[in-house]
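Text of model.pdb, listed as PDB, C-alpha atoms, pLDDT in the B column:
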```pdb
ATOM      1  CA  MET R 196     -27.650 -85.016   2.017  1.00 51.00           C
ATOM      2  CA  GLN R 197     -30.363 -87.264   0.675  1.00 57.00           C
ATOM      3  CA  GLY R 198     -33.332 -88.265   2.850  1.00 59.00           C
ATOM      4  CA  ALA R 199     -31.664 -91.505   3.945  1.00 63.00           C
ATOM      5  CA  GLN R 200     -28.507 -89.620   4.953  1.00 64.00           C
ATOM      6  CA  LEU R 201     -30.577 -87.065   6.877  1.00 58.00           C
ATOM      7  CA  LYS R 202     -32.308 -89.954   8.683  1.00 62.00           C
ATOM      8  CA  LYS R 203     -28.901 -91.372   9.682  1.00 67.00           C
ATOM      9  CA  HIS R 204     -27.913 -87.921  10.972  1.00 61.00           C
ATOM     10  CA  ILE R 205     -31.139 -87.766  13.026  1.00 60.00           C
ATOM     11  CA  ASP R 206     -30.529 -91.215  14.512  1.00 62.00           C
ATOM     12  CA  ALA R 207     -26.922 -90.347  15.374  1.00 60.00           C
ATOM     13  CA  THR R 208     -27.680 -87.002  17.007  1.00 58.00           C
ATOM     14  CA  LEU R 209     -30.858 -88.006  18.880  1.00 56.00           C
ATOM     15  CA  GLY R 210     -28.909 -90.534  20.932  1.00 59.00           C
ATOM     16  CA  SER R 211     -26.225 -87.987  21.796  1.00 61.00           C
ATOM     17  CA  GLY R 212     -28.168 -86.498  24.694  1.00 68.00           C
ATOM     18  CA  ASN R 213     -27.805 -83.019  23.180  1.00 74.00           C
ATOM     19  CA  LEU R 214     -31.310 -82.135  22.014  1.00 75.00           C
ATOM     20  CA  ARG R 215     -30.233 -78.723  20.693  1.00 81.00           C
ATOM     21  CA  GLU R 216     -27.713 -80.409  18.387  1.00 78.00           C
ATOM     22  CA  ALA R 217     -30.198 -83.128  17.422  1.00 76.00           C
ATOM     23  CA  VAL R 218     -32.681 -80.627  15.991  1.00 79.00           C
ATOM     24  CA  ARG R 219     -30.168 -78.200  14.456  1.00 83.00           C
ATOM     25  CA  LEU R 220     -30.282 -77.956  10.662  1.00 89.00           C
ATOM     26  CA  PRO R 221     -27.070 -79.539   9.340  1.00 87.00           C
ATOM     27  CA  PRO R 222     -24.872 -77.069   7.419  1.00 89.00           C
ATOM     28  CA  GLY R 223     -25.771 -76.815   3.752  1.00 90.00           C
ATOM     29  CA  GLU R 224     -29.060 -78.725   4.091  1.00 86.00           C
ATOM     30  CA  ASP R 225     -32.444 -77.634   2.802  1.00 87.00           C
ATOM     31  CA  LEU R 226     -34.686 -76.558   5.699  1.00 88.00           C
ATOM     32  CA  ASN R 227     -37.856 -77.973   4.130  1.00 86.00           C
ATOM     33  CA  GLU R 228     -36.288 -81.378   3.517  1.00 85.00           C
ATOM     34  CA  TRP R 229     -34.906 -81.412   7.068  1.00 86.00           C
ATOM     35  CA  LEU R 230     -38.367 -80.624   8.459  1.00 86.00           C
ATOM     36  CA  ALA R 231     -40.020 -83.232   6.241  1.00 86.00           C
ATOM     37  CA  VAL R 232     -37.569 -85.988   7.214  1.00 85.00           C
ATOM     38  CA  ASN R 233     -38.013 -85.143  10.904  1.00 84.00           C
ATOM     39  CA  ALA R 234     -41.816 -85.013  10.622  1.00 89.00           C
ATOM     40  CA  VAL R 235     -41.933 -88.435   8.960  1.00 88.00           C
ATOM     41  CA  ASP R 236     -39.475 -89.868  11.486  1.00 87.00           C
ATOM     42  CA  PHE R 237     -41.477 -88.471  14.408  1.00 89.00           C
ATOM     43  CA  PHE R 238     -44.721 -89.888  12.960  1.00 93.00           C
ATOM     44  CA  ASN R 239     -43.132 -93.326  12.555  1.00 91.00           C
ATOM     45  CA  ARG R 240     -41.777 -93.322  16.109  1.00 89.00           C
ATOM     46  CA  VAL R 241     -45.098 -92.222  17.626  1.00 92.00           C
ATOM     47  CA  ASN R 242     -46.909 -94.850  15.564  1.00 93.00           C
ATOM     48  CA  LEU R 243     -44.550 -97.556  16.888  1.00 92.00           C
ATOM     49  CA  LEU R 244     -44.953 -96.325  20.450  1.00 92.00           C
ATOM     50  CA  TYR R 245     -48.731 -96.289  20.190  1.00 92.00           C
ATOM     51  CA  GLY R 246     -48.629 -99.833  18.784  1.00 92.00           C
ATOM     52  CA  THR R 247     -47.186-101.018  22.107  1.00 93.00           C
ATOM     53  CA  LEU R 248     -50.151 -99.523  23.995  1.00 90.00           C
ATOM     54  CA  THR R 249     -53.057-100.849  21.934  1.00 91.00           C
ATOM     55  CA  GLU R 250     -53.652-103.915  24.105  1.00 91.00           C
ATOM     56  CA  PHE R 251     -54.004-101.697  27.183  1.00 94.00           C
ATOM     57  CA  CYS R 252     -56.322 -99.082  25.695  1.00 94.00           C
ATOM     58  CA  THR R 253     -59.374-100.656  24.101  1.00 95.00           C
ATOM     59  CA  PRO R 254     -62.757 -99.094  23.249  1.00 96.00           C
ATOM     60  CA  GLU R 255     -64.109-100.846  26.343  1.00 96.00           C
ATOM     61  CA  ASN R 256     -61.632 -99.464  28.882  1.00 95.00           C
ATOM     62  CA  CYS R 257     -60.887 -96.185  27.045  1.00 95.00           C
ATOM     63  CA  PRO R 258     -64.352 -95.147  25.822  1.00 97.00           C
ATOM     64  CA  THR R 259     -63.362 -91.493  25.321  1.00 96.00           C
ATOM     65  CA  MET R 260     -60.173 -89.624  24.462  1.00 96.00           C
ATOM     66  CA  THR R 261     -59.338 -87.599  27.552  1.00 96.00           C
ATOM     67  CA  ALA R 262     -56.511 -85.715  29.223  1.00 95.00           C
ATOM     68  CA  GLY R 263     -57.457 -86.242  32.835  1.00 93.00           C
ATOM     69  CA  PRO R 264     -60.950 -85.808  34.238  1.00 92.00           C
ATOM     70  CA  LYS R 265     -61.438 -82.237  32.990  1.00 95.00           C
ATOM     71  CA  TYR R 266     -60.602 -82.549  29.285  1.00 97.00           C
ATOM     72  CA  GLU R 267     -62.241 -84.648  26.589  1.00 97.00           C
ATOM     73  CA  TYR R 268     -61.159 -84.653  22.970  1.00 97.00           C
ATOM     74  CA  ARG R 269     -63.666 -85.019  20.160  1.00 97.00           C
ATOM     75  CA  TRP R 270     -62.697 -85.784  16.577  1.00 98.00           C
ATOM     76  CA  ALA R 271     -63.249 -83.572  13.557  1.00 97.00           C
ATOM     77  CA  ASP R 272     -61.020 -83.357  10.516  1.00 95.00           C
ATOM     78  CA  GLY R 273     -62.888 -80.457   8.956  1.00 93.00           C
ATOM     79  CA  VAL R 274     -63.461 -82.420   5.739  1.00 93.00           C
ATOM     80  CA  GLN R 275     -65.215 -85.747   6.270  1.00 94.00           C
ATOM     81  CA  ILE R 276     -66.211 -85.049   9.865  1.00 96.00           C
ATOM     82  CA  LYS R 277     -66.966 -81.364  10.263  1.00 96.00           C
ATOM     83  CA  LYS R 278     -68.774 -81.392  13.599  1.00 97.00           C
ATOM     84  CA  PRO R 279     -66.683 -82.853  16.447  1.00 97.00           C
ATOM     85  CA  ILE R 280     -67.816 -86.337  17.454  1.00 97.00           C
ATOM     86  CA  GLU R 281     -67.161 -88.384  20.568  1.00 97.00           C
ATOM     87  CA  VAL R 282     -65.134 -91.502  19.845  1.00 98.00           C
ATOM     88  CA  SER R 283     -63.155 -93.983  21.915  1.00 97.00           C
ATOM     89  CA  ALA R 284     -59.495 -93.222  22.550  1.00 96.00           C
ATOM     90  CA  PRO R 285     -58.304 -95.938  20.129  1.00 96.00           C
ATOM     91  CA  LYS R 286     -60.642 -94.638  17.407  1.00 97.00           C
ATOM     92  CA  TYR R 287     -59.449 -91.069  18.021  1.00 97.00           C
ATOM     93  CA  VAL R 288     -55.820 -92.136  17.630  1.00 96.00           C
ATOM     94  CA  GLU R 289     -56.718 -94.133  14.495  1.00 96.00           C
ATOM     95  CA  TYR R 290     -58.408 -91.063  12.984  1.00 97.00           C
ATOM     96  CA  LEU R 291     -55.464 -88.885  14.032  1.00 96.00           C
ATOM     97  CA  MET R 292     -52.786 -91.178  12.618  1.00 95.00           C
ATOM     98  CA  ASP R 293     -54.732 -91.558   9.354  1.00 95.00           C
ATOM     99  CA  TRP R 294     -55.086 -87.771   9.131  1.00 96.00           C
ATOM    100  CA  ILE R 295     -51.367 -87.212   9.794  1.00 95.00           C
ATOM    101  CA  GLU R 296     -50.441 -89.832   7.213  1.00 94.00           C
ATOM    102  CA  SER R 297     -52.693 -88.133   4.654  1.00 94.00           C
ATOM    103  CA  GLN R 298     -50.895 -84.845   5.380  1.00 93.00           C
ATOM    104  CA  LEU R 299     -47.501 -86.503   4.950  1.00 92.00           C
ATOM    105  CA  ASP R 300     -48.687 -88.050   1.660  1.00 91.00           C
ATOM    106  CA  ASP R 301     -50.041 -84.731   0.345  1.00 90.00           C
ATOM    107  CA  GLU R 302     -47.628 -83.573  -2.374  1.00 86.00           C
ATOM    108  CA  SER R 303     -48.643 -79.936  -1.824  1.00 87.00           C
ATOM    109  CA  ILE R 304     -47.435 -80.149   1.800  1.00 85.00           C
ATOM    110  CA  PHE R 305     -44.589 -82.687   1.587  1.00 81.00           C
ATOM    111  CA  PRO R 306     -43.284 -82.950  -1.995  1.00 77.00           C
ATOM    112  CA  GLN R 307     -41.870 -86.408  -2.640  1.00 73.00           C
ATOM    113  CA  LYS R 308     -39.151 -85.076  -4.967  1.00 65.00           C
ATOM    114  CA  LEU R 309     -36.945 -84.554  -1.913  1.00 49.00           C
ATOM    115  CA  GLY R 310     -34.379 -87.307  -1.323  1.00 52.00           C
ATOM    116  CA  ASN R 311     -35.667 -90.699  -0.266  1.00 47.00           C
ATOM    117  CA  ILE R 312     -38.261 -89.674   2.306  1.00 46.00           C
ATOM    118  CA  CYS R 313     -40.220 -92.824   3.147  1.00 49.00           C
ATOM    119  CA  HIS R 314     -42.819 -93.728   5.731  1.00 47.00           C
TER     120      HIS R 314
END
```
Render the structure in this file as structure tokens.
Amino acid sequence: MQGAQLKKHIDATLGSGNLREAVRLPPGEDLNEWLAVNAVDFFNRVNLLYGTLTEFCTPENCPTMTAGPKYEYRWADGVQIKKPIEVSAPKYVEYLMDWIESQLDDESIFPQKLGNICH
């Protein structure tokens, strides 16, 4: 299957209610291409979901990225920002989504020669 066909398979099986079947590698498919198509699809869906929340989580009302009162996330990508810094939740998600996109665009991690993988 090409990337577009794998995407159709993902869309068809995700709605089936059978998660085990939805994530199973289709017979005869390349594992790496299957993982790449799913990673890109997951990124796109999370990005869309986050887009619906941006008006509710602003730097003013979400000044830090937290997971409840006990946990605070600080950003560091290990390259441009080596020492973790405190940023607002929207800035953290912006950094995170940019970092993920750069990983997806990195030919050494996700070669673009596979099918029609687009994001």
Students should find that CA of Asn227 in chain R and CA of Phe305 in chain R are spaced 8.6 Å
Subject >> Reference answer for the PyMOL selection byres ((chain R and resi 266-273) around 12), as a ChimeraX atom specification >> reply: /R:257-265,274-295,297-298
Taken to one decimal, the CA of Ser303 in chain R-CA of Leu220 in chain R distance is 22.3 Å
Step by step, gather every atom of range 244-256 of chain R that the file lists, find the box along x, y and z that holds them, add 5 Å on each side, and finally give centre and edge lengths in Å to one decimal, as JSON.
```
{"center_x": -54.5, "center_y": -100.1, "center_z": 23.8, "size_x": 29.2, "size_y": 17.6, "size_z": 20.1}
```
The distance between CA of Leu226 in chain R and CA of Asn242 in chain R is 24.1 Å
Which residues would end up in the selection if the PyMOL selection byres ((chain R and resi 299) around 12) were applied here, given that I need the answer as a ChimeraX atom specification?
/R:230-239,292-298,300-307,312-314
